[in-house]
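Next comes work-v4.cif, with mmCIF, C-alpha atoms.
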```
data_query
loop_
_atom_site.label_atom_id
_atom_site.label_comp_id
_atom_site.auth_asym_id
_atom_site.auth_seq_id
_atom_site.Cartn_x
_atom_site.Cartn_y
_atom_site.Cartn_z
CA MET P 1 44.56 105.27 7.59
CA PRO P 2 43.45 105.23 11.26
CA PHE P 3 45.48 107.18 13.79
CA VAL P 4 47.39 105.45 16.57
CA GLU P 5 48.90 106.92 19.75
CA ALA P 6 52.33 107.04 18.10
CA ASP P 7 50.93 109.61 15.62
CA PHE P 8 50.75 112.29 18.31
CA PRO P 9 53.89 114.13 17.05
CA LEU P 10 52.45 114.23 13.51
CA ILE P 11 49.14 115.75 14.49
CA LEU P 12 50.76 118.07 17.03
CA ASP P 13 53.08 119.36 14.29
CA LEU P 14 50.10 119.84 11.94
CA HIS P 15 48.21 121.91 14.49
CA SER P 16 51.27 123.86 15.63
CA ASP P 17 51.06 125.88 12.40
CA ARG P 18 49.06 129.08 12.90
CA GLU P 19 48.03 129.14 9.23
CA VAL P 20 46.71 125.57 9.36
CA ASN P 21 44.64 126.54 12.41
CA ARG P 22 43.47 129.89 11.05
CA TYR P 23 40.05 128.55 10.08
CA LEU P 24 39.78 125.91 12.83
CA SER P 25 38.79 126.08 16.47
CA PRO P 26 40.53 127.59 18.50
CA GLY P 27 41.70 129.92 15.72
CA PRO P 28 45.02 131.17 14.38
CA ALA P 29 47.18 129.97 17.23
CA PRO P 30 49.08 126.76 17.79
CA MET P 31 46.78 124.16 19.31
CA ALA P 32 47.76 123.21 22.85
CA ALA P 33 49.34 119.77 23.20
CA ASN P 34 46.64 118.63 25.63
CA GLU P 35 43.89 119.54 23.11
CA VAL P 36 45.73 117.69 20.34
CA ARG P 37 46.09 114.67 22.62
CA GLU P 38 42.34 114.72 23.43
CA ARG P 39 41.42 114.99 19.77
CA LEU P 40 43.74 112.10 18.93
CA LYS P 41 42.15 109.97 21.67
CA THR P 42 38.71 110.78 20.23
CA TYR P 43 39.81 109.85 16.69
CA ILE P 44 41.20 106.51 17.90
CA ALA P 45 38.15 105.72 20.06
CA ASP P 46 35.64 106.70 17.35
CA HIS P 47 37.41 104.53 14.81
CA SER P 48 37.47 101.61 17.22
CA LEU P 49 33.78 101.96 18.14
CA THR P 50 32.16 102.91 14.83
CA GLY P 51 34.77 102.75 12.08
CA ILE P 52 33.91 106.39 11.36
CA SER P 53 36.47 108.93 12.48
CA LYS P 54 39.20 111.33 11.44
CA TRP P 55 42.11 109.55 9.77
CA LYS P 56 45.63 110.46 8.78
CA VAL P 57 46.42 111.28 5.17
CA GLU P 58 49.71 110.17 3.70
CA THR P 59 51.16 110.40 0.22
CA LYS P 60 51.99 107.23 -1.73
CA GLU P 61 55.52 107.66 -0.41
CA GLY P 62 54.27 107.62 3.20
CA LEU P 63 54.64 111.35 3.93
CA PHE P 64 52.06 112.63 6.43
CA VAL P 65 50.17 115.56 4.88
CA GLY P 66 47.09 115.97 7.10
CA ARG P 67 43.95 114.55 8.57
CA THR P 68 40.48 114.00 7.21
CA GLY P 69 37.31 112.11 7.96
CA PHE P 70 34.16 112.49 9.97
CA SER P 71 33.02 113.82 13.33
CA TYR P 72 29.56 113.57 14.82
CA LEU P 73 27.99 116.96 15.47
CA LYS P 74 25.15 117.53 17.90
CA ASP P 75 24.22 120.99 16.64
CA PRO P 76 23.35 120.62 13.85
CA ASP P 77 22.77 116.91 14.24
CA GLY P 78 24.73 114.63 11.92
CA TYR P 79 28.11 113.50 10.68
CA GLU P 80 30.39 116.23 9.40
CA LEU P 81 33.11 115.80 6.79
CA GLY P 82 36.27 117.65 7.78
CA TYR P 83 39.88 117.98 6.66
CA SER P 84 43.06 119.80 7.58
CA PHE P 85 46.31 119.69 5.62
CA ARG P 86 49.90 120.77 6.04
CA ARG P 87 50.46 124.13 4.42
CA GLU P 88 53.06 122.84 1.94
CA VAL P 89 50.40 120.72 0.18
CA TRP P 90 47.70 123.40 -0.08
CA GLY P 91 46.46 124.02 -3.60
CA ARG P 92 47.35 120.55 -4.90
CA GLY P 93 43.78 119.21 -4.96
CA TYR P 94 44.06 116.90 -1.96
CA ALA P 95 41.03 118.36 -0.20
CA THR P 96 38.74 118.11 -3.23
CA GLU P 97 39.85 114.60 -4.14
CA ILE P 98 39.49 113.38 -0.57
CA ALA P 99 36.15 115.13 -0.02
CA LYS P 100 34.73 113.42 -3.10
CA GLY P 101 36.17 110.04 -2.15
CA LEU P 102 35.03 110.19 1.46
CA THR P 103 31.55 111.29 0.46
CA ARG P 104 31.32 108.19 -1.70
CA TRP P 105 32.77 106.06 1.12
CA TYR P 106 30.25 107.47 3.59
CA PHE P 107 27.18 106.72 1.46
CA GLU P 108 28.46 103.27 0.50
CA ARG P 109 29.10 102.25 4.12
CA THR P 110 26.37 103.94 6.15
CA GLU P 111 22.59 104.06 6.03
CA VAL P 112 22.52 107.76 6.93
CA ASP P 113 20.63 109.95 4.46
CA TYR P 114 22.86 113.03 4.56
CA LEU P 115 26.33 114.35 5.30
CA ILE P 116 27.25 117.83 6.55
CA ALA P 117 30.31 120.00 5.89
CA TYR P 118 31.03 123.54 7.03
CA ALA P 119 33.69 126.20 7.14
CA LEU P 120 34.11 129.78 8.24
CA MET P 121 32.45 132.07 5.71
CA GLU P 122 35.80 133.71 4.98
CA HIS P 123 37.47 130.38 4.11
CA LYS P 124 36.68 130.54 0.40
CA ALA P 125 38.97 127.66 -0.61
CA SER P 126 37.24 125.23 1.74
CA LEU P 127 33.79 126.39 0.64
CA ARG P 128 34.80 125.69 -2.99
CA VAL P 129 35.95 122.20 -2.02
CA MET P 130 32.52 121.45 -0.56
CA GLN P 131 30.80 122.68 -3.70
CA LYS P 132 33.11 120.63 -5.96
CA ALA P 133 32.30 117.56 -3.83
CA GLY P 134 28.58 118.05 -4.54
CA PHE P 135 27.47 119.65 -1.28
CA GLN P 136 24.73 122.29 -1.46
CA HIS P 137 24.48 125.42 0.69
CA TRP P 138 22.16 124.69 3.59
CA GLN P 139 22.43 127.44 6.18
CA ASP P 140 24.62 130.16 7.64
CA ARG P 141 25.06 130.15 11.40
CA GLU P 142 27.61 130.62 14.14
CA LYS P 143 29.77 127.74 15.28
CA HIS P 144 32.33 128.23 18.05
CA GLY P 145 31.40 131.94 18.01
CA CYS P 146 32.31 132.38 14.32
CA PRO P 147 30.11 132.92 11.25
CA CYS P 148 30.06 129.68 9.27
CA ARG P 149 28.50 128.41 6.06
CA PHE P 150 27.00 124.94 6.30
CA TYR P 151 26.61 122.60 3.37
CA ARG P 152 24.80 119.31 3.14
CA ILE P 153 24.49 116.51 0.62
CA PHE P 154 21.71 113.96 0.64
CA ARG P 155 22.18 110.34 -0.36
CA GLU P 156 19.64 110.72 -3.18
CA GLU P 157 21.49 113.74 -4.64
CA PHE P 158 24.80 111.92 -4.37
CA GLU P 159 23.47 108.79 -6.09
CA ARG P 160 21.89 110.87 -8.85
CA SER P 161 25.17 112.72 -9.44
CA GLN P 162 27.04 109.42 -9.64
CA ALA P 163 24.61 108.08 -12.25
CA ILE P 164 25.22 111.23 -14.31
CA GLU P 165 29.02 110.78 -13.99
CA ILE P 166 28.78 107.14 -15.11
CA ARG P 167 26.76 108.13 -18.19
CA LYS P 168 29.27 110.89 -19.03
CA ASN P 169 32.16 108.44 -18.89
CA ARG P 170 30.60 105.87 -21.25
#
```

Can you present the structure in this file as structure tokens?
Amino acid sequence: MPFVEADFPLILDLHSDREVNRYLSPGPAPMAANEVRERLKTYIADHSLTGISKWKVETKEGLFVGRTGFSYLKDPDGYELGYSFRREVWGRGYATEIAKGLTRWYFERTEVDYLIAYALMEHKASLRVMQKAGFQHWQDREKHGCPCRFYRIFREEFERSQAIEIRKNR
């Protein structure tokens, strides 16, 4: 679901948790309100311009549990899949389910040949999510001054994996 200006308190609350921010820029500190506001503006503008952005994640009951979606990176060049969830829903499979679903969404709605995902090397849970979603290790490099592991999935690999899944389910 796209963010709107009125969602500022939700995303501010999400990024006020040191543990939620531990593996994000700027690190394990509450994100400043002005940074949260700028990010929210970017999410809203990106969605309006391209339909590709970070979106809010809610349960079926309407409870806000996090944000997920895409950002355009310049280094390395390409769209990046990202996610961040409230601590009370960690370990429930949201990240894996959403990563798989958004990867499918991305390849069904864009003509781009690949999608990137990355996390700090020490963030083992997030690295496992990327692997479960079909991403392959691509490179290790610094991002925001921190050692990160980058993954990538190509359209062809994704389509091949989907054909295998369809055959398995017959």

Open item on the list: Expand the PyMOL selection byres ((chain P and resi 43) around 12) into the explicit residue set it covers here, and present it as a ChimeraX atom specification.
Closed with: /P:1-5,7-8,11,36-42,44-56,67-72

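Between CA of Asp113 (chain P) and CA of Gln136 (chain P) there is a distance of 14.3 Å.
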
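Applied to this file, the PyMOL selection byres ((chain P and resi 101) around 12) selects Thr68, Gly69, Leu81, Tyr94, Ala95, Thr96, Glu97, Ile98, Ala99, Lys100, Leu102, Thr103, Arg104, Trp105, Tyr106, Phe107, Glu108, Lys132, Ala133, Gly134, Phe158 and Gln162 of chain P.
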
TODO: May I ask for the distance between CA of Arg149 (chain P) and CA of Phe135 (chain P), given in Å to one decimal place?
DONE: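 Interatomic distance here is 11.5 Å.
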
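Picture a line from CA of Leu115 (chain P) to CA of Arg86 (chain P); it runs 24.4 Å.
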
Open item on the list: Between P:Arg92, P:Lys74, P:Arg87, P:Arg155, which residue has the minimum interatomic distance to Tyr114 (chain P), considering only C-alpha atoms?
Closed with: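 Ranking P:Arg92, P:Lys74, P:Arg87, P:Arg155 by distance to Tyr114 (chain P), first place goes to P:Arg155.
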
Task: Matched chain/residue IDs from the PyMOL selection byres ((chain P and resi 139) around 8), as a list in words - done: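 For this structure, the PyMOL selection byres ((chain P and resi 139) around 8) captures His137, Trp138, Asp140, Arg141, Arg149, Phe150 and Tyr151 of chain P.
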
TODO: Identify which of the residues P:Asp17, P:Ser161, P:Tyr118, P:Leu12 lies closest to Pro76 (chain P), counting only C-alpha atoms when measuring atom-to-atom distances.
DONE: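 Closest residue, counting only C-alpha atoms: P:Tyr118.
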
TODO: Identify which of the residues P:Gly145, P:Gly82, P:Phe154, P:Met31 lies closest to Leu127 (chain P), counting only C-alpha atoms when measuring atom-to-atom distances.
DONE: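 Using only C-alpha atoms, the shortest distance to Leu127 (chain P) belongs to P:Gly82.
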
Listed atoms of region 146-161 of chain P boxed axis-aligned with 3 Å per side, centre + edges as AutoDock Vina command-line options:
```
--center_x 26.0 --center_y 120.9 --center_z 2.4 --size_x 18.7 --size_y 30.1 --size_z 29.8
```
